[in-house]
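J.: Data file input03.tsv (TSV, C-alpha atoms and all ligand atoms) is appended below.
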chain	number	residue	atom	x	y	z
A	1	MET	CA	113.56	96.50	85.73
A	2	PRO	CA	116.14	98.77	84.11
A	3	LEU	CA	118.72	100.53	86.21
A	4	LEU	CA	119.66	103.81	84.60
A	5	PRO	CA	122.77	105.68	85.74
A	6	ALA	CA	121.24	109.17	86.03
A	7	ARG	CA	124.48	111.04	86.65
A	8	PRO	CA	128.09	110.12	87.37
A	9	SER	CA	128.63	108.95	90.93
A	10	ARG	CA	130.43	111.19	93.32
A	11	PRO	CA	134.16	110.36	93.57
A	12	GLY	CA	134.80	107.15	95.46
A	13	LEU	CA	131.26	105.88	94.98
A	14	ARG	CA	130.09	103.25	92.54
A	15	THR	CA	127.12	103.42	90.30
A	16	THR	CA	124.91	100.34	90.51
A	17	GLU	CA	124.71	98.50	87.23
A	18	PRO	CA	122.99	95.27	86.25
A	19	GLY	CA	125.18	92.27	86.92
A	20	ASP	CA	127.70	94.26	88.98
A	21	PRO	CA	127.42	93.15	92.61
A	22	GLY	CA	129.67	96.03	93.85
A	23	PRO	CA	130.12	96.70	97.58
A	24	ILE	CA	127.44	95.54	100.02
A	25	PRO	CA	124.43	97.80	99.41
A	26	ALA	CA	122.64	99.71	102.17
A	27	VAL	CA	119.33	98.95	100.45
A	28	SER	CA	118.67	96.21	97.94
A	29	PHE	CA	115.53	94.83	96.40
A	30	HIS	CA	115.28	92.10	93.82
A	31	ASP	CA	112.24	91.13	91.75
A	32	VAL	CA	109.92	92.62	94.36
A	33	ALA	CA	106.23	92.26	93.56
A	34	VAL	CA	103.13	93.13	95.55
A	35	LEU	CA	99.77	91.61	94.69
A	36	ARG	CA	96.77	92.62	96.76
A	37	GLU	CA	93.23	91.46	96.11
A	38	ASP	CA	93.98	90.82	92.44
A	39	VAL	CA	95.65	94.25	92.04
A	40	LEU	CA	99.29	94.04	90.94
A	41	MET	CA	100.60	97.02	92.91
A	42	LEU	CA	104.25	96.41	92.04
A	43	ASP	CA	105.61	94.16	89.32
A	44	GLY	CA	109.17	92.91	89.77
A	45	ALA	CA	111.28	95.90	90.82
A	46	SER	CA	115.03	95.49	91.36
A	47	GLY	CA	117.71	97.90	92.49
A	48	ARG	CA	120.33	98.68	95.09
A	49	VAL	CA	121.97	101.68	96.63
A	50	GLN	CA	124.99	102.09	98.87
A	51	SER	CA	125.55	104.42	101.80
A	52	GLY	CA	126.18	107.92	100.50
A	53	GLN	CA	124.19	107.30	97.33
A	54	ILE	CA	120.74	108.33	96.13
A	55	LEU	CA	118.42	106.04	94.19
A	56	ALA	CA	115.45	107.63	92.42
A	57	LEU	CA	112.29	105.68	91.65
A	58	THR	CA	110.54	107.04	88.59
A	59	GLY	CA	107.47	105.94	86.66
A	60	ARG	CA	103.92	106.88	85.81
A	61	ASN	CA	101.11	107.33	88.31
A	62	GLY	CA	100.22	103.96	89.73
A	63	SER	CA	103.47	102.28	88.68
A	64	GLY	CA	104.23	101.21	92.25
A	65	LYS	CA	106.74	103.76	93.60
A	66	THR	CA	104.94	104.37	96.89
A	67	THR	CA	104.24	100.66	97.22
A	68	LEU	CA	107.95	99.90	96.89
A	69	LEU	CA	108.85	102.57	99.46
A	70	ARG	CA	106.31	101.02	101.84
A	71	VAL	CA	107.93	97.62	101.33
A	72	LEU	CA	111.41	99.06	102.02
A	73	ALA	CA	110.04	100.75	105.15
A	74	GLY	CA	108.65	97.45	106.45
A	75	LEU	CA	105.08	98.73	106.27
A	76	LEU	CA	104.00	96.25	103.60
A	77	ALA	CA	105.17	92.69	103.01
A	78	PRO	CA	106.08	91.84	99.43
A	79	THR	CA	104.27	88.99	97.73
A	80	ALA	CA	107.48	87.96	95.96
A	81	GLY	CA	111.14	88.95	95.82
A	82	GLN	CA	113.89	89.79	98.30
A	83	VAL	CA	114.48	93.02	100.22
A	84	ALA	CA	117.34	93.95	102.54
A	85	VAL	CA	117.94	97.21	104.38
A	86	LEU	CA	121.35	97.35	106.05
A	87	GLY	CA	121.49	93.58	105.78
A	88	ARG	CA	118.14	92.87	107.44
A	89	VAL	CA	114.66	92.14	106.26
A	90	PRO	CA	112.53	95.25	106.88
A	91	ASP	CA	110.53	94.83	110.07
A	92	GLU	CA	108.75	97.88	111.36
A	93	ARG	CA	108.52	96.34	114.83
A	94	ASP	CA	112.28	95.79	115.08
A	95	ARG	CA	113.64	98.78	117.01
A	96	ARG	CA	117.12	98.50	115.45
A	97	PHE	CA	115.56	98.56	111.99
A	98	ARG	CA	113.34	101.52	112.91
A	99	ARG	CA	116.28	103.42	114.32
A	100	SER	CA	118.22	103.02	111.08
A	101	LEU	CA	115.47	104.23	108.79
A	102	ALA	CA	113.60	107.52	108.46
A	103	ALA	CA	110.75	107.76	105.98
A	104	LEU	CA	108.45	110.40	104.60
A	105	ILE	CA	105.65	108.44	102.94
A	106	GLY	CA	102.47	110.46	103.21
A	107	PRO	CA	101.93	113.31	105.66
A	108	PRO	CA	103.78	112.75	108.94
A	109	MET	CA	102.04	112.82	112.29
A	110	SER	CA	102.58	116.08	114.07
A	111	ALA	CA	101.47	117.24	117.50
A	112	ARG	CA	98.86	119.93	117.01
A	113	ASP	CA	99.68	121.69	120.28
A	114	LEU	CA	103.42	121.90	119.64
A	115	THR	CA	105.00	124.54	117.42
A	116	VAL	CA	106.97	123.54	114.35
A	117	GLU	CA	110.25	123.82	116.24
A	118	GLU	CA	108.86	121.94	119.24
A	119	ASN	CA	107.66	119.15	116.93
A	120	LEU	CA	111.20	118.77	115.55
A	121	ARG	CA	112.74	118.78	119.01
A	122	PHE	CA	110.13	116.31	120.26
A	123	ILE	CA	110.95	113.86	117.47
A	124	ALA	CA	114.68	114.20	118.16
A	125	ALA	CA	114.06	113.63	121.88
A	126	THR	CA	112.16	110.39	121.20
A	127	TRP	CA	115.39	109.12	119.59
A	128	GLY	CA	117.53	110.13	122.57
A	129	ALA	CA	118.82	113.54	121.49
A	130	ARG	CA	119.78	115.94	124.28
A	131	ALA	CA	117.99	119.26	124.44
A	132	ASP	CA	120.72	121.61	123.17
A	133	PRO	CA	121.87	119.56	120.15
A	134	ALA	CA	118.22	118.90	119.26
A	135	GLN	CA	117.49	122.62	119.33
A	136	GLU	CA	120.56	123.39	117.19
A	137	HIS	CA	119.65	120.69	114.70
A	138	ALA	CA	116.06	121.91	114.48
A	139	ALA	CA	117.26	125.47	113.84
A	140	HIS	CA	119.73	124.23	111.20
A	141	LEU	CA	117.05	122.23	109.37
A	142	LEU	CA	114.55	125.09	109.38
A	143	GLU	CA	117.17	127.60	108.21
A	144	SER	CA	118.38	125.21	105.49
A	145	LEU	CA	114.85	125.14	104.11
A	146	SER	CA	114.42	128.90	104.63
A	147	ILE	CA	111.54	128.42	107.06
A	148	GLY	CA	113.24	129.61	110.23
A	149	ALA	CA	110.56	132.28	110.52
A	150	LEU	CA	107.94	129.54	110.87
A	151	ALA	CA	109.55	127.93	113.93
A	152	GLY	CA	106.90	129.33	116.28
A	153	ARG	CA	103.88	128.49	114.11
A	154	TYR	CA	101.60	125.56	114.79
A	155	PRO	CA	101.34	122.84	112.12
A	156	HIS	CA	97.84	123.98	111.09
A	157	GLU	CA	99.09	127.53	110.48
A	158	LEU	CA	101.14	126.66	107.38
A	159	SER	CA	100.58	126.77	103.62
A	160	SER	CA	100.65	123.44	101.80
A	161	GLY	CA	104.18	124.03	100.49
A	162	GLN	CA	105.34	125.15	103.94
A	163	SER	CA	103.76	121.99	105.39
A	164	GLN	CA	105.80	119.92	102.93
A	165	LEU	CA	109.02	121.67	103.99
A	166	VAL	CA	108.17	121.12	107.65
A	167	ALA	CA	107.41	117.46	106.88
A	168	ILE	CA	110.88	117.11	105.35
A	169	ALA	CA	112.47	118.85	108.34
A	170	MET	CA	110.57	116.56	110.73
A	171	THR	CA	111.78	113.50	108.83
A	172	LEU	CA	115.40	114.66	109.02
A	173	SER	CA	115.20	115.68	112.67
A	174	ARG	CA	115.86	112.14	113.92
A	175	PRO	CA	118.89	109.90	113.34
A	176	PHE	CA	118.94	107.58	110.31
A	177	ASP	CA	121.24	105.66	108.03
A	178	VAL	CA	118.63	105.13	105.33
A	179	LEU	CA	116.18	107.78	104.19
A	180	LEU	CA	113.02	107.06	102.17
A	181	LEU	CA	111.09	109.95	100.60
A	182	ASP	CA	107.93	109.85	98.54
A	183	GLU	CA	107.86	112.76	96.09
A	184	PRO	CA	109.72	115.29	98.26
A	185	GLU	CA	109.11	117.88	95.54
A	186	GLN	CA	105.35	117.97	96.22
A	187	ARG	CA	103.86	121.49	96.26
A	188	LEU	CA	107.26	123.22	96.24
A	189	ASP	CA	108.20	126.22	94.13
A	190	ALA	CA	111.44	126.10	92.14
A	191	GLU	CA	113.46	127.98	94.75
A	192	ARG	CA	112.35	125.74	97.62
A	193	LEU	CA	112.90	122.65	95.48
A	194	ASP	CA	116.53	123.72	95.10
A	195	LEU	CA	116.83	124.09	98.88
A	196	VAL	CA	115.48	120.55	99.32
A	197	ILE	CA	117.87	119.26	96.69
A	198	GLY	CA	120.78	120.89	98.53
A	199	LEU	CA	119.71	119.48	101.88
A	200	LEU	CA	119.28	115.95	100.52
A	201	ALA	CA	122.65	116.09	98.76
A	202	GLN	CA	124.14	117.07	102.12
A	203	GLN	CA	122.51	114.05	103.79
A	204	ALA	CA	124.03	111.72	101.19
A	205	GLU	CA	127.45	113.37	101.54
A	206	GLN	CA	127.21	112.67	105.27
A	207	GLY	CA	126.69	108.98	104.47
A	208	ALA	CA	122.94	108.38	104.25
A	209	ALA	CA	121.56	106.01	101.64
A	210	ILE	CA	118.50	107.66	100.12
A	211	VAL	CA	115.69	106.13	98.11
A	212	LEU	CA	113.20	108.64	96.78
A	213	ALA	CA	110.23	108.49	94.45
A	214	SER	CA	109.87	111.51	92.22
A	215	HIS	CA	108.06	113.00	89.26
A	216	SER	CA	110.53	115.92	89.15
A	217	PRO	CA	113.12	115.64	86.36
A	218	ARG	CA	114.97	118.50	88.02
A	219	LEU	CA	115.27	116.67	91.33
A	220	VAL	CA	116.16	113.33	89.75
A	221	GLU	CA	118.81	114.85	87.51
A	222	ALA	CA	120.34	116.83	90.37
A	223	LEU	CA	120.43	114.04	92.94
A	224	ALA	CA	120.18	110.52	91.58
A	225	ASP	CA	123.22	108.29	91.39
A	226	VAL	CA	120.89	105.56	90.12
A	227	ALA	CA	117.36	105.69	88.71
A	228	VAL	CA	114.99	102.73	88.68
A	229	HIS	CA	112.09	103.23	86.32
A	230	LEU	CA	108.94	101.29	87.22
A	231	GLU	CA	107.01	100.21	84.17
A	232	ALA	CA	103.75	98.85	85.56
A	233	GLU	CA	100.63	100.95	85.02
A	234	ALA	CA	97.47	101.36	87.03
A	301	LIG	N1	95.44	100.20	99.35
A	301	LIG	C1	95.44	99.78	98.09
A	301	LIG	N2	94.68	98.72	97.71
A	301	LIG	C2	94.68	98.28	96.45
A	301	LIG	N3	95.44	98.81	95.48
A	301	LIG	C3	96.21	99.86	95.80
A	301	LIG	C4	96.25	100.40	97.10
A	301	LIG	N4	97.14	101.43	97.12
A	301	LIG	C5	97.61	101.54	95.87
A	301	LIG	N5	97.06	100.60	95.07
A	301	LIG	C6	97.34	100.37	93.66
A	301	LIG	O1	98.70	99.97	93.57
A	301	LIG	C7	99.28	100.47	92.38
A	301	LIG	C8	100.53	101.23	92.73
A	301	LIG	O2	100.20	102.37	93.49
A	301	LIG	P1	101.33	103.33	94.07
A	301	LIG	O3	100.67	104.29	94.97
A	301	LIG	O4	102.43	102.50	94.61
A	301	LIG	O5	101.83	104.05	92.73
A	301	LIG	P2	102.79	105.30	92.54
A	301	LIG	O6	103.79	104.92	91.50
A	301	LIG	O7	103.33	105.74	93.86
A	301	LIG	O8	101.80	106.38	91.96
A	301	LIG	P3	101.80	108.01	91.98
A	301	LIG	O9	102.89	108.45	91.04
A	301	LIG	O10	100.43	108.33	91.50
A	301	LIG	O11	102.04	108.43	93.42
A	301	LIG	C9	98.19	101.32	91.70
A	301	LIG	O12	97.58	100.53	90.71
A	301	LIG	C10	97.23	101.61	92.83
A	301	LIG	O13	95.92	101.81	92.33
Can you turn what I pasted into structure tokens?

T.:
Amino acid sequence: MPLLPARPSRPGLRTTEPGDPGPIPAVSFHDVAVLREDVLMLDGASGRVQSGQILALTGRNGSGKTTLLRVLAGLLAPTAGQVAVLGRVPDERDRRFRRSLAALIGPPMSARDLTVEENLRFIAATWGARADPAQEHAAHLLESLSIGALAGRYPHELSSGQSQLVAIAMTLSRPFDVLLLDEPEQRLDAERLDLVIGLLAQQAEQGAAIVLASHSPRLVEALADVAVHLEAEA
């Protein structure tokens, strides 16, 4: 699977290249394949990304991007290949693994009877955040995505693009070292896409390793230190 340097790394960071082991990666996957009931869902993907870097998964519909994200999140066991996230095999039932990894793969669960801001604070609280910092962080996330005015809405009172922004805010409202995102650009206008790009760049600058699947050339060009193009077709 080719590894394409999509843009120069930020200073002090290394771009992953074939044959170059580099520093210990935060996320690595090698020759990962998933076969399910005679469907080859993913065919031999390889890549790695270090803390502070962003890896973009690209490829046609059905090429296996979501499947690979689900493998990295520990939601799906690979049929073949090796995967390591912060040095451990993904295991969704391992609390230390779960604490290190935040993922937006499909619509997140939200509490219907909590407002947007309360949902963010609730998620932060489940990971041990105290009330005041959780409230500040929620406000920061919502303002960063220019949806502060929606803080008091309920999840079912949002447009589809607003729901996507809230989903991103919910994902970032908890602690993580590794962030997985499936097509974060979904349903966003150009202005909001730029806000998401800025927020994700900030997360990487603060040390997160990010793996995202995307069909947005704009997002990939702006963010990716490394791009892995999946070739398999549906
Ligand atoms: N639950 C499932 N059972 C069987 N096959 C599946 C299942 N989910 C996905 N697939 C198949 O696995 C392959 C990879 O799907 P996947 O969703 O990972 O692709 P993708 O690259 O994320 O696509 P898209 O760009 O459309 O989101 C496809 O051929 C798909 O039809």

J.: Do you know which residues are within 8 Å of ligand LIG 301 (chain A) using all atoms listed in the file? Can you write them as a ChimeraX atom specification?

T.: /A:36-37,39-42,58-68,182-183,213-215,230,233-234

J.: I'd like the interatomic distance between atom CA of Tyr154 of chain A and atom CA of Thr115 of chain A, to a tenth of an Å.

T.: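 That distance, rounded to one decimal, is 4.4 Å.
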
J.: Which is closest to Asp38 of chain A among A:Ser110, A:Thr79, A:Gln186, A:Ser160, if we use all atoms listed in the file?

T.: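 Checking each candidate against Asp38 of chain A, we get A:Thr79 as the closest.
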
J.: Env of Glu143 of chain A: 12 Å cut, atoms = all atoms listed in the file, seq-sep filter 4 positions within chain, self excluded. Answer as an mmCIF file with C-alpha atoms, in the frame of the given file.

T.:
data_model
loop_
_atom_site.group_PDB
_atom_site.id
_atom_site.type_symbol
_atom_site.label_atom_id
_atom_site.label_comp_id
_atom_site.auth_asym_id
_atom_site.auth_seq_id
_atom_site.Cartn_x
_atom_site.Cartn_y
_atom_site.Cartn_z
ATOM 1 C CA GLU A 117 110.250 123.820 116.240
ATOM 2 C CA GLU A 136 120.560 123.390 117.190
ATOM 3 C CA HIS A 137 119.650 120.690 114.700
ATOM 4 C CA ALA A 138 116.060 121.910 114.480
ATOM 5 C CA ALA A 139 117.260 125.470 113.840
ATOM 6 C CA ILE A 147 111.540 128.420 107.060
ATOM 7 C CA GLY A 148 113.240 129.610 110.230
ATOM 8 C CA ALA A 149 110.560 132.280 110.520
ATOM 9 C CA LEU A 150 107.940 129.540 110.870
ATOM 10 C CA ALA A 151 109.550 127.930 113.930
ATOM 11 C CA LEU A 165 109.020 121.670 103.990
ATOM 12 C CA VAL A 166 108.170 121.120 107.650
ATOM 13 C CA ALA A 169 112.470 118.850 108.340
ATOM 14 C CA ARG A 192 112.350 125.740 97.620
ATOM 15 C CA LEU A 195 116.830 124.090 98.880
ATOM 16 C CA VAL A 196 115.480 120.550 99.320
ATOM 17 C CA LEU A 199 119.710 119.480 101.880
#

J.: Using Å and a single decimal, report how far atom CA of Gln202 of chain A sits from atom CA of Ile123 of chain A.

T.: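 Interatomic distance here is 20.5 Å.
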
J.: Set the distance at 7 Å and use only C-alpha atoms: which residues neighbour Gly47 of chain A once local chain neighbours fewer than 5 positions away are removed? I'd like the list as a PyMOL selection string.

T.: chain A and resi 3+28-30+228
